[in-house]
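*Asks:* I am attaching a structure below and will ask some questions about it afterwards.
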Amino acid sequence: MFHSLPFYIGLRYLRAKRRNHFISFISALSMAGLTLGVMVLIIVLSVMNGFDQEMRNRILGMVPHATISLPGEMRTQQEIIDKALEHPLVVGASEYIETQGMVVANDNTRGALLSGVNPDTVGTVSILPENMIAGDISDLSDTPFSAIVGSTLARILGVGVGDKITLIVPEMSVNIASIQPRFKRFEVVGLFEVGAELDANLVVTHIDDLGKLMLYGGAVDGVQLKTTDLFKARQIALEVGRKLTDIYYVGDWTRTQGNLFQAIQLEKRLVGLLLFMIIAVAGFNTVSSLVMLVTDKQAEIAVLRTLGATKRQILSIFMVQGTAIGLIGITVGVVLGVIGALTIADILSWIENTFNIQFLNANVYFISYIPSELKWSDVTIIASASFLISVLSTIYPAWKASRISPAEALRYES
């Protein structure tokens, strides 16, 4: 009889109407708090995962995962490419030239990053060919001294496909009259747009054309690598470098974009911690409701003790009730959170269209919609941690119930 007693009575207390409606209100409040906390935490972390993924795809899609370089002196690029592609975790390799310079057009001057690429292989390390909004990456090979410009930079300079721009590099040309910066007119053959800062400060040319402008004489700055694992890019590049006969510089994306992604991860942890406080508050509400319930049920506890119920069984009764409250709240919260994470973009889009408001301006942010990426690992961690809080919140009230003396509790009962 007493084997299933804690579960039977604990669940019955959960369903039963109480004389003190305030206790019922506190119990409902703690359950609602768990539901709200779990739901909001899943949705917010999914949205932050979505932004993180978008930035990885857009920014790191244009930035090489790793580089093996020897600025201005590398002539063994093909050997490095061949060695790199032998590595099982390298999926692409392409030579490059890169320098800071200036772009001039229509009396407008703008600082820019000048990048010389091989049109035949750049697609293996960059998403540039997939994000052309005008022209094609192969046009760099068909037109001598041609360039592809970011959409924002083209708008600032007031140029389009077929227009001329002047590229100025920091190298100096010495002639009889004076010392002048080296410059060359290029024809714009394409525009790209990745929705990131690179749209406003990147100009892409054929590697041979930029090499001629900088008088490299066939040399390149280095080789860009794309790897299967973003966070092992530096290690992979070092492994490739060890197979080479000469000594080269090895770099990876963390040198240029590492601070940005560390900031995103830190923000995600802090936001998650703050939102987790909602669940902690719900846990305190569970403690309060169970403490008041124990006070309200002293007579029933005393009767159970006189009938032979042990302290452990009394403790289990209230732990079952508190845990059941937590399970219900967590389950509903997980269901609503998963649904919200999967539909948040559609919901906000409907709100924007219905009420004529805009949450993200594409001219300010790199995207115009709210991305969401649901990770079941996050859902598991949130649900597990919430359940642990629910169980822990039942220990003190249940312990207090188990310590009630039947004689003391029944003495004042009429």
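Here, A, B, ... name the chains of the structure tokens in the order displayed, residue numbers run from 1 inside each chain, and ligands are numbered from 1 in the same displayed order.
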Output as an NGL selection string all residues of range 162-328 of chain A that backbone DSSP marks as helix (DSSP H, G or I).

*Replies:* :A and (197-200 or 207-213 or 230-242 or 254-296 or 298-306 or 311-328)

*Asks:* Do you know which residues are at most 8 Å from Leu198 in chain A counting only C-alpha atoms, after dropping those on the same chain fewer than 3 positions away, and could you put them as a ChimeraX atom specification?

*Replies:* /A:59,150,194-195,201-202

*Asks:* Residues at most 6 Å from range 157-170 of chain A, counting only C-alpha atoms, excluding those fewer than 3 positions away in the same chain, as a tab-separated table (two decimals) with all heavy atoms, in the first residue's frame?

*Replies:*
chain	number	residue	atom	x	y	z
A	101	GLY	N	44.30	50.23	-50.25
A	101	GLY	CA	44.46	51.24	-51.28
A	101	GLY	C	43.30	52.21	-51.27
A	101	GLY	O	42.54	52.30	-50.30
A	102	MET	N	43.18	52.94	-52.36
A	102	MET	CA	42.10	53.91	-52.49
A	102	MET	C	41.42	53.73	-53.84
A	102	MET	O	42.05	53.31	-54.82
A	102	MET	CB	42.63	55.35	-52.35
A	102	MET	CG	43.31	55.63	-51.02
A	102	MET	SD	43.81	57.35	-50.83
A	102	MET	CE	42.21	58.14	-50.67
A	103	VAL	N	40.13	54.05	-53.86
A	103	VAL	CA	39.34	53.97	-55.08
A	103	VAL	C	38.81	55.37	-55.38
A	103	VAL	O	38.25	56.03	-54.50
A	103	VAL	CB	38.17	52.99	-54.94
A	103	VAL	CG1	37.51	52.76	-56.28
A	103	VAL	CG2	38.64	51.68	-54.34
A	104	VAL	N	38.96	55.80	-56.63
A	104	VAL	CA	38.51	57.13	-57.04
A	104	VAL	C	37.57	56.99	-58.23
A	104	VAL	O	37.88	56.27	-59.19
A	104	VAL	CB	39.70	58.03	-57.41
A	104	VAL	CG1	39.22	59.42	-57.81
A	104	VAL	CG2	40.70	58.12	-56.26
A	105	ALA	N	36.42	57.67	-58.14
A	105	ALA	CA	35.47	57.69	-59.25
A	105	ALA	C	34.51	58.84	-59.05
A	105	ALA	O	34.03	59.07	-57.93
A	105	ALA	CB	34.71	56.38	-59.36
A	108	ASN	N	34.79	61.15	-56.21
A	108	ASN	CA	34.64	60.54	-54.89
A	108	ASN	C	35.85	59.64	-54.60
A	108	ASN	O	36.29	58.91	-55.48
A	108	ASN	CB	33.36	59.69	-54.82
A	108	ASN	CG	32.11	60.53	-54.97
A	108	ASN	OD1	31.98	61.58	-54.34
A	108	ASN	ND2	31.18	60.08	-55.81
A	154	ALA	N	29.92	50.73	-54.55
A	154	ALA	CA	29.51	51.22	-55.88
A	154	ALA	C	28.51	52.35	-55.75
A	154	ALA	O	28.56	53.34	-56.51
A	154	ALA	CB	28.93	50.07	-56.69
A	182	ARG	N	51.33	54.89	-57.17
A	182	ARG	CA	51.03	54.08	-58.34
A	182	ARG	C	49.53	53.91	-58.47
A	182	ARG	O	48.84	53.58	-57.50
A	182	ARG	CB	51.73	52.72	-58.21
A	182	ARG	CG	51.79	51.92	-59.50
A	182	ARG	CD	52.64	50.68	-59.35
A	182	ARG	NE	54.00	51.06	-59.00
A	182	ARG	CZ	54.69	50.54	-58.01
A	182	ARG	NH1	54.15	49.61	-57.26
A	182	ARG	NH2	55.92	50.91	-57.76
A	183	PHE	N	49.00	54.12	-59.66
A	183	PHE	CA	47.55	54.00	-59.87
A	183	PHE	C	47.28	53.46	-61.27
A	183	PHE	O	48.13	53.49	-62.17
A	183	PHE	CB	46.85	55.36	-59.67
A	183	PHE	CG	47.32	56.43	-60.61
A	183	PHE	CD1	46.70	56.63	-61.84
A	183	PHE	CD2	48.39	57.26	-60.27
A	183	PHE	CE1	47.13	57.62	-62.70
A	183	PHE	CE2	48.83	58.25	-61.14
A	183	PHE	CZ	48.21	58.43	-62.36
A	184	LYS	N	46.06	52.97	-61.44
A	184	LYS	CA	45.65	52.39	-62.72
A	184	LYS	C	44.13	52.44	-62.82
A	184	LYS	O	43.43	52.22	-61.83
A	184	LYS	CB	46.14	50.93	-62.80
A	184	LYS	CG	45.75	50.20	-64.08
A	184	LYS	CD	46.51	50.71	-65.28
A	184	LYS	CE	46.15	49.94	-66.52
A	184	LYS	NZ	46.86	50.44	-67.72
A	185	ARG	N	43.63	52.70	-64.02
A	185	ARG	CA	42.18	52.70	-64.24
A	185	ARG	C	41.70	51.27	-64.51
A	185	ARG	O	42.30	50.56	-65.31
A	185	ARG	CB	41.81	53.62	-65.41
A	185	ARG	CG	41.96	55.09	-65.05
A	185	ARG	CD	41.62	56.00	-66.22
A	185	ARG	NE	40.20	55.92	-66.60
A	185	ARG	CZ	39.22	56.58	-65.99
A	185	ARG	NH1	39.48	57.32	-64.92
A	185	ARG	NH2	37.98	56.49	-66.42
A	186	PHE	N	40.62	50.90	-63.82
A	186	PHE	CA	40.01	49.59	-63.98
A	186	PHE	C	38.56	49.76	-64.42
A	186	PHE	O	37.91	50.76	-64.09
A	186	PHE	CB	40.04	48.80	-62.66
A	186	PHE	CG	41.38	48.19	-62.33
A	186	PHE	CD1	42.47	48.99	-61.97
A	186	PHE	CD2	41.56	46.82	-62.38
A	186	PHE	CE1	43.69	48.43	-61.66
A	186	PHE	CE2	42.78	46.24	-62.07
A	186	PHE	CZ	43.85	47.05	-61.71
A	187	GLU	N	38.07	48.78	-65.14
A	187	GLU	CA	36.67	48.80	-65.56
A	187	GLU	C	35.84	47.91	-64.61
A	187	GLU	O	36.22	46.77	-64.32
A	187	GLU	CB	36.53	48.28	-66.99
A	187	GLU	CG	35.08	48.25	-67.48
A	187	GLU	CD	34.94	47.69	-68.89
A	187	GLU	OE1	35.99	47.59	-69.57
A	187	GLU	OE2	33.81	47.35	-69.28
A	188	VAL	N	34.72	48.43	-64.14
A	188	VAL	CA	33.83	47.67	-63.27
A	188	VAL	C	33.05	46.67	-64.12
A	188	VAL	O	32.31	47.04	-65.02
A	188	VAL	CB	32.86	48.59	-62.51
A	188	VAL	CG1	31.89	47.76	-61.67
A	188	VAL	CG2	33.61	49.57	-61.64
A	189	VAL	N	33.24	45.37	-63.85
A	189	VAL	CA	32.57	44.33	-64.63
A	189	VAL	C	31.55	43.56	-63.79
A	189	VAL	O	30.86	42.66	-64.31
A	189	VAL	CB	33.58	43.34	-65.24
A	189	VAL	CG1	34.46	44.04	-66.25
A	189	VAL	CG2	34.42	42.68	-64.14
A	190	GLY	N	31.44	43.89	-62.50
A	190	GLY	CA	30.48	43.18	-61.67
A	190	GLY	C	30.31	43.82	-60.31
A	190	GLY	O	31.15	44.61	-59.86

*Asks:* Grab the CA of Ile339 in chain A to CA of Phe25 in chain A distance for me, in Å with one decimal place.

*Replies:* 27.0 Å

*Asks:* Which residue is closest to Thr99 in chain A? Choose from A:Ile133, A:Leu45, A:Leu113, A:Met39 and count only C-alpha atoms.

*Replies:*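 Ranked by minimum distance to Thr99 in chain A, first place goes to A:Leu113.
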
*Asks:* If you count only C-alpha atoms, which residues fall within 8 Å of Glu98 in chain A, apart from same-chain ones fewer than 5 positions away, as a ChimeraX atom specification?

*Replies:* /A:113-116,221

*Asks:* Can I get the selection written as a PDB file, in the first residue's frame, with N, CA, C and O atoms?

*Replies:*
ATOM      1  N   LEU A 113      39.902  47.847 -49.404  1.00  0.00           N
ATOM      2  CA  LEU A 113      40.780  46.685 -49.419  1.00  0.00           C
ATOM      3  C   LEU A 113      40.799  46.145 -50.842  1.00  0.00           C
ATOM      4  O   LEU A 113      39.761  45.786 -51.387  1.00  0.00           O
ATOM      5  N   LEU A 114      41.987  46.100 -51.445  1.00  0.00           N
ATOM      6  CA  LEU A 114      42.127  45.612 -52.814  1.00  0.00           C
ATOM      7  C   LEU A 114      42.570  44.158 -52.752  1.00  0.00           C
ATOM      8  O   LEU A 114      43.587  43.829 -52.141  1.00  0.00           O
ATOM      9  N   SER A 115      41.798  43.299 -53.378  1.00  0.00           N
ATOM     10  CA  SER A 115      42.068  41.867 -53.323  1.00  0.00           C
ATOM     11  C   SER A 115      42.198  41.309 -54.727  1.00  0.00           C
ATOM     12  O   SER A 115      41.275  41.427 -55.542  1.00  0.00           O
ATOM     13  N   GLY A 116      43.359  40.717 -55.022  1.00  0.00           N
ATOM     14  CA  GLY A 116      43.563  40.050 -56.297  1.00  0.00           C
ATOM     15  C   GLY A 116      43.338  38.565 -56.139  1.00  0.00           C
ATOM     16  O   GLY A 116      43.932  37.932 -55.262  1.00  0.00           O
ATOM     17  N   ASP A 221      50.951  37.166 -52.600  1.00  0.00           N
ATOM     18  CA  ASP A 221      51.101  37.344 -51.149  1.00  0.00           C
ATOM     19  C   ASP A 221      50.988  36.027 -50.404  1.00  0.00           C
ATOM     20  O   ASP A 221      51.620  35.839 -49.359  1.00  0.00           O
TER      21      ASP A 221
END

*Asks:* Please build the interface table for range 119-194 of chain A against range 74-91 of chain A with a cut-off of 12 Å, listing for each qualifying residue the nearest atom pair and the distance in Å to one decimal; count only C-alpha atoms, order rows by chain and increasing number, and write it as CSV.

*Replies:*
residue,atom,partner,partner_atom,distance
A:Thr121,CA,A:Ile81,CA,10.5
A:Val122,CA,A:Val91,CA,12.0
A:Gly123,CA,A:Val91,CA,10.9
A:Thr124,CA,A:Val91,CA,7.2
A:Val125,CA,A:Val91,CA,7.9
A:Ser126,CA,A:Val91,CA,11.2

*Asks:* How about saving the chosen residues, C-alpha atoms kept, as a short mmCIF file (atom, residue, chain, number, x, y, z; two decimals), in the first residue's frame?

*Replies:*
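Dumped to part-v5.cif:
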data_model
loop_
_atom_site.label_atom_id
_atom_site.label_comp_id
_atom_site.auth_asym_id
_atom_site.auth_seq_id
_atom_site.Cartn_x
_atom_site.Cartn_y
_atom_site.Cartn_z
CA THR A 121 39.74 28.83 -57.84
CA VAL A 122 38.36 31.63 -55.67
CA GLY A 123 35.00 29.84 -55.49
CA THR A 124 36.62 27.05 -53.46
CA VAL A 125 37.51 29.43 -50.59
CA SER A 126 34.93 32.23 -50.88
#

*Asks:* One decimal, in Å: what's the spacing between CA of Glu193 in chain A and CA of Ser151 in chain A?

*Replies:*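 Straight-line distance from CA of Glu193 in chain A to CA of Ser151 in chain A works out to 5.6 Å.
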
*Asks:* Just want the 12 Å neighbourhood of Tyr216 in chain A, counted on only C-alpha atoms, with same-chain residues fewer than 6 positions away dropped. Output as a PyMOL selection string.

*Replies:* chain A and resi 71-75+96-98+116+171+207-210

*Asks:* I'd like the contact shell of Gly258 in chain A - 12 Å cut-off, only C-alpha atoms, skipping same-chain residues fewer than 6 positions apart - returned as a PyMOL selection string.

*Replies:* chain A and resi 56+59-60+63+65+230-231+251-252+264-265

*Asks:* What's the 10 Å shell around range 386-400 of chain A, counting only C-alpha atoms, without same-chain residues fewer than 6 positions away, as a PyMOL selection string?

*Replies:* chain A and resi 30-31+34-35+37-38+276+279-280+282-295+311-327+329-331+380

*Asks:* Running DSSP on the backbone, which parts of range 238-341 of chain A land in strand (DSSP E), as a VMD selection string?

*Replies:* chain A and resid 249 to 252

*Asks:* Provide the CA of Ile43 in chain A to CA of Glu197 in chain A distance in Å, to one decimal place.

*Replies:*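 Pair CA of Ile43 in chain A / CA of Glu197 in chain A returns 27.2 Å.
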
*Asks:* Kindly indicate which residue among A:Val220, A:Val40, A:Leu153, A:Ala147 lies nearest to Ala200 in chain A, using only C-alpha atoms for the distances.

*Replies:*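 Smallest separation from Ala200 in chain A among the options: A:Leu153.
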
*Asks:* From the options A:Ala32, A:Met214, A:Ala112, A:Ala401, which residue's atoms come nearest to Ala299 in chain A, counting only C-alpha atoms?

*Replies:*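 With only C-alpha atoms as the atom set, the closest residue is A:Ala401.
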